[in-house]
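Structure file run37.tsv with TSV, C-alpha atoms:
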chain	number	residue	atom	x	y	z
A	29	MET	CA	-24.86	-10.22	-9.14
A	30	THR	CA	-21.57	-12.11	-8.91
A	31	GLU	CA	-18.63	-10.35	-7.30
A	32	GLN	CA	-15.27	-10.73	-9.06
A	33	ARG	CA	-12.23	-10.93	-6.78
A	34	ILE	CA	-8.90	-9.74	-8.13
A	35	ASP	CA	-5.68	-11.05	-6.61
A	36	LEU	CA	-3.39	-8.05	-6.18
A	37	GLY	CA	-0.36	-10.14	-5.29
A	38	LEU	CA	0.00	-8.34	-1.94
A	39	THR	CA	2.22	-9.66	0.78
A	40	ALA	CA	1.94	-9.06	4.51
A	41	SER	CA	4.92	-9.23	6.77
A	42	ALA	CA	6.07	-8.06	10.18
A	43	PRO	CA	9.57	-7.84	11.60
A	44	ALA	CA	10.68	-10.52	14.06
A	45	GLY	CA	9.79	-9.58	17.59
A	46	GLY	CA	6.33	-8.30	16.77
A	47	GLY	CA	7.18	-4.60	16.53
A	48	CYS	CA	7.82	-2.20	13.71
A	49	GLY	CA	11.55	-2.37	14.31
A	50	ASP	CA	12.14	1.38	14.43
A	51	GLY	CA	12.63	1.61	18.20
A	52	CYS	CA	9.29	3.30	18.89
A	53	GLY	CA	8.44	0.90	21.73
A	54	CYS	CA	5.49	-0.78	20.03
A	55	GLY	CA	6.71	-4.24	20.96
A	56	GLY	CA	9.81	-4.66	18.85
A	57	GLY	CA	12.08	-2.66	21.13
A	58	GLY	CA	12.34	-2.25	24.89
A	59	ALA	CA	8.64	-1.88	25.77
A	60	ALA	CA	6.47	-4.92	26.27
A	61	ALA	CA	3.75	-5.39	23.67
A	62	SER	CA	0.20	-5.76	24.90
A	63	SER	CA	-1.88	-8.64	23.62
A	64	ALA	CA	-4.23	-6.07	22.08
A	65	SER	CA	-1.55	-4.41	19.93
A	66	ILE	CA	-1.89	-4.50	16.17
A	67	THR	CA	1.02	-5.94	14.21
A	68	PRO	CA	2.06	-3.69	11.33
A	69	ALA	CA	1.77	-5.18	7.84
A	70	THR	CA	3.59	-4.27	4.65
A	71	SER	CA	1.90	-4.49	1.26
A	72	GLU	CA	3.59	-4.14	-2.11
A	73	LEU	CA	1.74	-3.07	-5.24
A	74	ARG	CA	2.97	-2.71	-8.78
A	75	VAL	CA	1.41	0.37	-10.39
A	76	GLU	CA	1.48	1.35	-14.06
A	77	GLY	CA	1.31	4.82	-15.57
A	78	MET	CA	3.23	6.89	-13.04
A	79	THR	CA	5.73	9.24	-14.69
A	80	CYS	CA	6.63	12.07	-12.29
A	81	GLY	CA	6.54	13.56	-8.80
A	82	HIS	CA	2.92	14.65	-9.28
A	83	CYS	CA	1.97	11.01	-9.89
A	84	VAL	CA	3.78	10.00	-6.70
A	85	ARG	CA	1.95	12.70	-4.71
A	86	ALA	CA	-1.45	11.70	-6.10
A	87	VAL	CA	-1.00	8.02	-5.21
A	88	THR	CA	0.52	8.85	-1.82
A	89	GLU	CA	-2.38	11.17	-0.90
A	90	GLU	CA	-5.04	8.61	-1.86
A	91	LEU	CA	-3.34	5.82	0.08
A	92	ASN	CA	-2.65	8.00	3.14
A	93	ALA	CA	-6.36	8.88	3.24
A	94	LEU	CA	-7.17	5.24	4.10
A	95	ASP	CA	-7.67	4.43	7.77
A	96	GLY	CA	-4.79	2.29	8.98
A	97	VAL	CA	-2.18	3.39	6.43
A	98	GLU	CA	0.91	4.62	8.25
A	99	VAL	CA	3.63	4.91	5.58
A	100	VAL	CA	3.65	4.99	1.77
A	101	ASP	CA	6.95	4.55	-0.09
A	102	ILE	CA	7.08	4.68	-3.90
A	103	ASP	CA	9.92	3.56	-6.16
A	104	LEU	CA	9.05	5.57	-9.30
A	105	ARG	CA	9.99	3.93	-12.58
A	106	GLU	CA	9.08	6.54	-15.17
A	107	GLY	CA	7.01	4.99	-17.94
A	108	GLY	CA	7.35	1.55	-16.38
A	109	THR	CA	5.84	-0.31	-13.47
A	110	SER	CA	6.46	1.52	-10.18
A	111	LEU	CA	6.70	-0.30	-6.86
A	112	VAL	CA	4.44	1.05	-4.11
A	113	ARG	CA	5.02	-0.14	-0.52
A	114	ILE	CA	2.39	0.49	2.13
A	115	ALA	CA	2.92	0.00	5.87
A	116	SER	CA	-0.38	-0.31	7.68
A	117	THR	CA	-1.98	-1.58	10.84
A	118	GLY	CA	-3.12	-4.62	8.88
A	119	SER	CA	-6.74	-3.48	8.79
A	120	VAL	CA	-6.48	-2.12	5.23
A	121	THR	CA	-8.10	-4.42	2.66
A	122	ASP	CA	-6.79	-5.27	-0.79
A	123	ASP	CA	-9.97	-3.78	-2.27
A	124	ALA	CA	-9.40	-0.48	-0.44
A	125	LEU	CA	-5.84	-0.28	-1.76
A	126	ALA	CA	-6.95	-1.05	-5.31
A	127	THR	CA	-9.70	1.57	-5.11
A	128	ALA	CA	-7.26	4.21	-3.84
A	129	ILE	CA	-4.87	3.51	-6.75
A	130	ASP	CA	-7.79	3.76	-9.17
A	131	GLU	CA	-9.02	7.01	-7.57
A	132	ALA	CA	-5.54	8.49	-8.06
A	133	GLY	CA	-5.90	7.67	-11.78
A	134	TYR	CA	-3.49	4.76	-12.12
A	135	THR	CA	-3.67	1.04	-12.84
A	136	LEU	CA	-2.46	-1.95	-10.88
A	137	ALA	CA	-0.07	-4.09	-12.91
A	138	ARG	CA	-1.24	-7.64	-13.57
Write-out of the structure in structure tokens:
Amino acid sequence: MTEQRIDLGLTASAPAGGGCGDGCGCGGGGAAASSASITPATSELRVEGMTCGHCVRAVTEELNALDGVEVVDIDLREGGTSLVRIASTGSVTDDALATAIDEAGYTLAR
């Protein structure tokens, strides 16, 4: 059986300095980062079919259930393509994100 890989158009980025940038001491602020620390990553997904606060909650809950997801931020565009930003430890795979969106009942925009 051949496995089909779908490019989700995700991007990973970290603030300069190696920390999250919010002053928590994870390496971006005053505390020294250990060589074993995990650099946070930000992913952006475009999701179709979201129309209300319930949709936002459903997607947020599914994504937050994934190990490594720290923050989910959704720019709801009713009836259009919403922008979903996920801050994670970097250990969350594209496939896991796509599955979570699907489990919530929505579709990734192509």
### Query
A:Ala115, A:Ala137, A:Ala128, A:Val75: which is nearest Leu91 (chain A), counting all atoms listed in the file?
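Ranked by minimum distance to Leu91 (chain A), first place goes to A:Ala128.
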For a quick check of your reading of the model, name the residues lying within 7 Å of the coordinate (3.3, -6.7, -10.1), counting all atoms listed in the file, and write them as a PDB file with C-alpha atoms, keeping the file's coordinate frame.
ATOM      1  CA  GLY A  37      -0.360 -10.140  -5.290  1.00  0.00           C
ATOM      2  CA  LEU A  73       1.740  -3.070  -5.240  1.00  0.00           C
ATOM      3  CA  ARG A  74       2.970  -2.710  -8.780  1.00  0.00           C
ATOM      4  CA  ALA A 137      -0.070  -4.090 -12.910  1.00  0.00           C
ATOM      5  CA  ARG A 138      -1.240  -7.640 -13.570  1.00  0.00           C
TER       6      ARG A 138
END
### Query
What is the CA of Pro68 (chain A)-CA of Leu94 (chain A) distance in Å, reported with one decimal?
14.7 Å
### Task
Determine the nearest neighbour of Ser71 (chain A) from the options A:Glu131, A:Leu136, A:Asp123, A:Ile114, counting all atoms listed in the file.
A:Ile114
#### Entry: From A:Ala69, A:Ala126, A:Ala132, A:Cys83, residue lying nearest Leu104 (chain A) [all atoms listed in the file]
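Between A:Ala69, A:Ala126, A:Ala132, A:Cys83, the residue approaching Leu104 (chain A) most closely is A:Cys83.
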### Query
Rounded to one decimal in Å, what is the spacing between CA of Leu111 (chain A) and CA of Asp95 (chain A)?
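According to the coordinates, CA of Leu111 (chain A) and CA of Asp95 (chain A) are separated by 21.0 Å.
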### Task
Work out how far CA of Glu106 (chain A) is from CA of Leu125 (chain A), in Å to one decimal.
21.2 Å
